[in-house]
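J.: What follows is a single structure, and I will ask about it in a moment.
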Amino acid sequence: MTSTTSTTGPSTPTPGKSNGSIKPTKPKDPVLATGRVFAWVAVLVCLIPILLIVVVATTRQWRTGVYSGGFTLDWIIQGFDMVAVNFAYSFQIAVIVLLLNLAIGFPAAWLFARRQFPGRRIAMAITQTPLAIPGIALAIGLIMAYGTGDLKRYGILLVFGHLLYTLPFFIATMVPVLGGRRLQELEQVALTLGAGGVRRFLTVTVPQVKTALLGALILVVTLSLGEFNVSFFVFSPTDPPLPMELHSSHKQDGIEIASAVTVWFLAFVVPAAIVLERLGGAKVSASS
Amino acid sequence: MTTHATSIVCDGLSYQYIGTQSNAVDNVSFSVEPGQVAALVGPSGCGKSTLLRNVAGLLTPTAGHLLMDGGETVGIPADKRNIGWVPQSYALFGHLSVAENVEFGLRARKVPKAERAKRVAHALELCRISDFAKRGPEDLSGGQRQRVAIARALATNPKVLLLDEPLSALDPQLRKQLRADLSALLAESGVTTLLVTHDQGEALAMADMVAVMRDGRLEQYATPQELWANPANGFVAEFVSEASVVATTRRADGGYEAAPGLVIPDAVGGGFAAIRPGDLHIAADGAKLTVTAAEYAGDSWLLSGDLVGGARVSLLTEDPVSVGDSIVVAVRPRTKIAMVKQ
């Protein structure tokens with residue numbers, strides 16, 4: 001028996017070598033190429049200050065040059081000691097603000113999304129006004145209204161200021177989600193299946209909006225941790241929140257310490273922002 | 001599944017949306033016998049889904065009565081009505097598996113665990129989705145999702161099953177196939193069913209009784225056969241059987257014709273003739289028709305054209321005819337043309 005081997009089968013073109021076959025080429029799009037350059041420039045512009053802060057914070061003596069005197073983690077360690085207390089305080093404030101957003105913002109968003117009532121549009125517009133008012137004006141207003149008593153000393157004014165600043169973001173994120181037709185239909189199906197209000201809320205509404213809710217809450221925490229304008233006017237000097245300590249460090253300490261404090265600030269805030277970005281913002285989780 | 005079949009009576013039921021001037025459902029009255037499937041048909045916006053939502057308890061009628069098994073149901077909250085509602089989108093809970101979806105209503109009604117498991121298994125089996133019990137809804141085809149939604153509704157042994165356009169989300173081929181499956185499933189379950197559809201063919205094929213609605217009002221409520229044979233008016237005839245409603249005139253011999261030469265047999269008292277595409281054929285003697293449209297339908301052609309006098313009718317023919325041709329048409333032998341009010 002003889003076997004024959006076909007030599008006329010399809011050949012695989014070798015990359016980079018001309019073997020007679022037409023090599024597919026991507027047409028160059030000048031608009032795309034230019035856009036790409038601009039995008040990278042924008043990324044660099046954003047990254048350079050952050051990279052510089054890290055470099056300064058790890059340089060022994062920045063005044064005499066980059067890594068003059070060598071690399072050190074001393075400033076970073078020292079910076080942590082300085083901001084740990086402030087971070088704990090800021091985090092505490094942020095958690096309180098988060099809970100207040102949940103307690104006030106969620107029902108308000110639900111009401112705006114689900115119920116037609118006289119003055120609804122005006123009420124919605126009012127909840128959004130802090131977005132349009134500069135933080136400084138908001139803070140001065142707060143000081144004038146409530147700044148004379150113990151509210152400032154005990155940090156209540158700070159919480160109130162952060163709540164005013166974050167609530168519009170929370171409500172604006174949740175209203176479209178809670179008003180979604182699909183979510184309402186799921187709730188109606190649950191209702192016809194015999195589920196009462198609490199069960200519907202816990203077993204249908206919350207699982208369906210959890211992504212958006214989590215996103216909104218992380219946004220609240222991130223905004224609260226980094227809030228400066230309102231905090232500057234309403235914080236108690238005995239308990240400065242993290243951004244205030246950062247500001248104070250940049251004014252009083254050496255640039256290396258100030259940079260180290262900034263590194264820690266970024267370390268606290270950026271992960272939350274990344275999670276927020278990964279969540280993709282507010283949306284009802286996909287369901288069939 | 002032990003289904004207690006329930007009767008439904010809508011008595012002068014009306015519903016008006018806030019901020020609107022007219023009733024979306026206007027003084028609708030009909031009754032569905034226990035175990036029957038009744039279809040609500042009509043063009044988009046005629047109020048059929050609104051009526052269904054009133055029966056489900058998702059909307060409260062602004063007037064009228066809704067009786068189930070003779071008892072007033074208006075005022076009973078939706079979660080206490082023991083209704084199975086399947087919306088057009090099926091609205092499956094995406095965060096739950098198929099079995100958990102089916103179990104949802106049983107959990108809500110605090111059915112004991114062992115009983116729950118039994119009823120879920122039965123509902124899955126009845127709807128032939130046992131193999132997909134552990135899958136998520138997103139892993140299912142359109143037809144499978146529909147069956148999950150129906151199984152979820154049936155698992156609670158509802159008094160009444162409400163299906164809102166259950167087949168409209170499916171592609172045409174699957175729709176036809178699932179129509180028969182759904183009919184068999186409803187027959188097996190024995191549950192009284194209200195079915196909303198805009199497809200008259202679906203209504204005629206699946207329902208024991210059909211309610212034709214227009215602008216919130218009930219135009220006719222009858223069996224499919226009665227609707228076909230004796231439409232209450234021109235709208236019902238046009239909507240249900242795609243008939244052309246043509247005015248008749250009296251002939252010298254006492255009979256009636258829809259156009260010169262197009263004699264309508266057995267037309268008593270004149271009025272309007274509801275002429276369906278299947279009622280006419282090309283004949284040697286009859287009325288002249290100028291073809292204005294010819295659609296190829298595989299085994300036949302659907303011709304539309306103008307009769308002398310201007311009335312437009314359609315007919316099915318096996319012979320290809322071109323647009324612009326003049327043909328002679330007559331009523332097919334042994335065909336009963338329905339006479340209707342305009």
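Identifiers in the structure tokens: chain A, B, ... in order shown; residue index from 1 per chain; ligand index from 1 in order shown.
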Might you pull out every residue within 8 Å of Met244 (chain A), with only C-alpha atoms counted and same-chain residues fewer than 4 positions away left off, and present them as a ChimeraX atom specification?
T.: /A:228,231-232,240,248
J.: Let's have the selection written as a compact mmCIF listing (two decimals), in the first residue's frame, with C-alpha atoms.
T.:
```txt
# COMPACT_ATOMS: atom_id res chain seq x y z
CA PHE A 228 -12.17 70.78 51.35
CA SER A 231 -14.80 71.64 55.61
CA PHE A 232 -12.39 74.59 55.67
CA PRO A 240 -9.26 68.56 61.64
CA SER A 248 -1.84 72.48 57.20
```
J.: Taking only C-alpha atoms into account, find every residue of chain A that has an atom no more than 12 Å from chain B, and write it out as a short mmCIF file (atom, residue, chain, number, x, y, z; two decimals) with N, CA and C atoms, in the first residue's frame.
T.:
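File result_8.cif, as written:
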```
data_model
loop_
_atom_site.label_atom_id
_atom_site.label_comp_id
_atom_site.auth_asym_id
_atom_site.auth_seq_id
_atom_site.Cartn_x
_atom_site.Cartn_y
_atom_site.Cartn_z
N GLN A 116 -45.86 61.07 41.99
CA GLN A 116 -46.16 62.40 41.47
C GLN A 116 -46.86 63.15 42.60
N PHE A 117 -46.32 64.28 43.00
CA PHE A 117 -46.99 65.07 44.05
C PHE A 117 -46.75 66.54 43.75
N ARG A 181 -38.35 51.55 34.64
CA ARG A 181 -39.59 50.82 34.41
C ARG A 181 -39.42 49.33 34.72
N ARG A 182 -38.24 48.84 34.38
CA ARG A 182 -37.99 47.40 34.55
C ARG A 182 -38.03 47.02 36.04
N LEU A 183 -37.39 47.86 36.86
CA LEU A 183 -37.38 47.59 38.29
C LEU A 183 -38.81 47.60 38.84
N GLN A 184 -39.58 48.57 38.38
CA GLN A 184 -40.96 48.65 38.87
C GLN A 184 -41.78 47.44 38.45
N GLU A 185 -41.50 46.94 37.26
CA GLU A 185 -42.22 45.75 36.80
C GLU A 185 -41.85 44.53 37.63
N LEU A 186 -40.57 44.42 37.96
CA LEU A 186 -40.13 43.31 38.82
C LEU A 186 -40.81 43.39 40.18
N GLU A 187 -40.91 44.58 40.71
CA GLU A 187 -41.57 44.77 42.00
C GLU A 187 -43.06 44.42 41.90
N GLN A 188 -43.66 44.78 40.76
CA GLN A 188 -45.08 44.47 40.59
C GLN A 188 -45.31 42.97 40.49
N VAL A 189 -44.41 42.29 39.80
CA VAL A 189 -44.52 40.82 39.73
C VAL A 189 -44.42 40.24 41.14
N ALA A 190 -43.45 40.74 41.89
CA ALA A 190 -43.27 40.25 43.27
C ALA A 190 -44.54 40.51 44.09
N LEU A 191 -45.15 41.67 43.85
CA LEU A 191 -46.38 42.01 44.56
C LEU A 191 -47.49 41.01 44.24
N THR A 192 -47.67 40.73 42.94
CA THR A 192 -48.73 39.79 42.57
C THR A 192 -48.43 38.37 43.07
N LEU A 193 -47.16 38.10 43.32
CA LEU A 193 -46.80 36.77 43.85
C LEU A 193 -46.99 36.71 45.36
N GLY A 194 -47.44 37.82 45.94
CA GLY A 194 -47.77 37.80 47.37
C GLY A 194 -46.72 38.44 48.26
N ALA A 195 -45.70 39.05 47.67
CA ALA A 195 -44.64 39.64 48.49
C ALA A 195 -45.08 41.01 49.01
N GLY A 196 -45.00 41.18 50.32
CA GLY A 196 -45.34 42.46 50.94
C GLY A 196 -44.21 43.47 50.72
N GLY A 197 -44.41 44.68 51.23
CA GLY A 197 -43.48 45.77 50.98
C GLY A 197 -42.05 45.49 51.40
N VAL A 198 -41.87 44.98 52.62
CA VAL A 198 -40.51 44.75 53.14
C VAL A 198 -39.82 43.65 52.33
N ARG A 199 -40.55 42.57 52.07
CA ARG A 199 -39.96 41.47 51.30
C ARG A 199 -39.59 41.93 49.89
N ARG A 200 -40.49 42.72 49.28
CA ARG A 200 -40.21 43.23 47.94
C ARG A 200 -38.95 44.08 47.95
N LEU A 202 -36.44 44.05 50.13
CA LEU A 202 -35.22 43.32 50.45
C LEU A 202 -34.84 42.28 49.40
N THR A 203 -35.86 41.64 48.80
CA THR A 203 -35.53 40.53 47.89
C THR A 203 -35.58 40.91 46.42
N VAL A 204 -36.14 42.06 46.10
CA VAL A 204 -36.19 42.47 44.69
C VAL A 204 -35.48 43.81 44.49
N THR A 205 -35.94 44.84 45.21
CA THR A 205 -35.41 46.18 44.96
C THR A 205 -33.91 46.24 45.27
N VAL A 206 -33.54 45.82 46.48
CA VAL A 206 -32.12 45.95 46.87
C VAL A 206 -31.20 45.14 45.95
N PRO A 207 -31.50 43.86 45.68
CA PRO A 207 -30.60 43.14 44.76
C PRO A 207 -30.51 43.78 43.38
N GLN A 208 -31.62 44.40 42.94
CA GLN A 208 -31.60 44.98 41.60
C GLN A 208 -30.83 46.30 41.55
N VAL A 209 -30.86 47.06 42.66
CA VAL A 209 -30.20 48.38 42.63
C VAL A 209 -28.86 48.36 43.35
N LYS A 210 -28.42 47.19 43.78
CA LYS A 210 -27.25 47.16 44.67
C LYS A 210 -26.00 47.75 44.01
N VAL A 284 -28.99 49.55 37.01
CA VAL A 284 -29.68 48.40 37.59
C VAL A 284 -28.98 47.16 37.06
N SER A 285 -28.68 46.23 37.97
CA SER A 285 -27.98 45.03 37.52
C SER A 285 -28.81 44.32 36.46
N ALA A 286 -28.09 43.79 35.49
CA ALA A 286 -28.77 43.18 34.34
C ALA A 286 -29.59 41.99 34.80
N SER A 287 -30.77 41.93 34.32
CA SER A 287 -31.61 40.76 34.59
C SER A 287 -32.49 40.55 33.38
N SER A 288 -32.89 39.32 33.24
CA SER A 288 -33.65 39.04 32.03
C SER A 288 -35.10 39.35 32.25
#
```
J.: What parts of region 59-228 of chain A does DSSP call helix (DSSP H, G or I)? I'd like the answer as a PyMOL selection string.
T.: chain A and resi 62-64+74-114+120-132+135-146+156-178+181-192+197-226
J.: Name all residues at most 7 Å from Ser300 (chain B) (count only C-alpha atoms; drop same-chain ones fewer than 5 positions away) and give them as a list in words.
T.: Leu316, Thr317 and Glu318 of chain B
J.: Check the smallest atom-to-atom distance from each of A:Val263, A:Ala139, A:Ile93, A:Ile274 to Ile77 (chain A) using only C-alpha atoms, then report the winner.
T.: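 Counting only C-alpha atoms, the residue closest to Ile77 (chain A) is A:Val263.
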J.: Would you kindly return, as a PDB file with C-alpha atoms, in the first residue's frame, each protein, DNA or RNA residue with an atom no farther than 8 Å from any atom of Leu262 (chain B), considering only C-alpha atoms and excluding same-chain residues fewer than 5 positions away?
T.:
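Result went into around_39.pdb, see below:
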```
ATOM      1  CA  GLU B 257     -74.394  43.792  -4.037  1.00  0.00           C
ATOM      2  CA  GLY B 286     -68.828  39.151 -11.252  1.00  0.00           C
ATOM      3  CA  ALA B 287     -67.423  42.570 -10.436  1.00  0.00           C
ATOM      4  CA  VAL B 329     -64.161  38.673  -8.895  1.00  0.00           C
ATOM      5  CA  ALA B 330     -67.133  37.048  -7.212  1.00  0.00           C
ATOM      6  CA  VAL B 331     -68.024  35.617  -3.841  1.00  0.00           C
TER       7      VAL B 331
END
```
J.: Identify, on the basis of only C-alpha atoms, every residue whose closest approach to Val340 (chain B) does not exceed 9 Å; exclude the query and any residue fewer than 5 positions from it along the same chain; express the result as a short mmCIF file (atom, residue, chain, number, x, y, z; two decimals) with N, CA and C atoms, in the first residue's frame.
T.:
```cif
data_model
loop_
_atom_site.label_atom_id
_atom_site.label_comp_id
_atom_site.auth_asym_id
_atom_site.auth_seq_id
_atom_site.Cartn_x
_atom_site.Cartn_y
_atom_site.Cartn_z
N ASN B 230 -70.12 36.31 13.06
CA ASN B 230 -71.04 37.43 13.26
C ASN B 230 -70.37 38.59 13.98
N PRO B 231 -69.45 39.24 13.33
CA PRO B 231 -68.81 40.39 13.99
C PRO B 231 -69.85 41.48 14.30
N ALA B 232 -69.69 42.09 15.45
CA ALA B 232 -70.70 43.05 15.90
C ALA B 232 -70.71 44.30 15.04
N ASN B 233 -69.57 44.66 14.51
CA ASN B 233 -69.51 45.87 13.69
C ASN B 233 -68.31 45.80 12.74
N GLY B 234 -68.19 46.84 11.97
CA GLY B 234 -67.11 46.87 10.98
C GLY B 234 -65.73 46.79 11.59
N ALA B 237 -64.98 43.22 12.53
CA ALA B 237 -64.75 42.43 11.31
C ALA B 237 -63.37 42.72 10.73
N VAL B 245 -64.84 46.21 4.87
CA VAL B 245 -66.25 46.48 5.14
C VAL B 245 -66.78 47.39 4.02
N GLY B 271 -77.04 46.87 4.43
CA GLY B 271 -76.04 47.31 5.41
C GLY B 271 -74.64 47.15 4.83
N PHE B 272 -73.73 46.72 5.65
CA PHE B 272 -72.33 46.61 5.22
C PHE B 272 -71.90 45.14 5.19
N ALA B 273 -71.20 44.78 4.15
CA ALA B 273 -70.71 43.41 4.03
C ALA B 273 -69.25 43.36 4.48
N ALA B 274 -68.92 42.40 5.35
CA ALA B 274 -67.53 42.21 5.79
C ALA B 274 -66.91 41.15 4.89
#
```
J.: Quick one: of A:Ile76, A:Val177, A:Val97, A:Val83, who's nearest to Phe268 (chain A), counting only C-alpha atoms?
T.: A:Val83
J.: Any idea what the distance is between CA of Lys159 (chain B) and CA of Val240 (chain B)?
T.: 28.9 Å
J.: I need the strand (DSSP E or B) residues of region 67-276 of chain B per DSSP on the backbone, written as number ranges by chain.
T.: B: 67-68, 71-72, 83-86, 160-164, 192-197, 209-214, 217-222, 233, 244-247, 249-250, 256-259, 262-264, 272-275
J.: If we count only C-alpha atoms, what is near region 7-12 of chain B at a cut-off of 6 Å, once residues fewer than 3 positions away on the same chain are taken out, given as a list in words?
T.: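 Everything that qualifies: Asn27, Val28, Ser29, Phe30, Ser31, Val32, Glu33, Pro34, Gly64, His65, Leu66, Leu67, Met68 and Asp69 of chain B.
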J.: Which value, in Å to one decimal, gives the distance between CA of Ile133 (chain A) and CA of Ala113 (chain A)?
T.: 23.8 Å
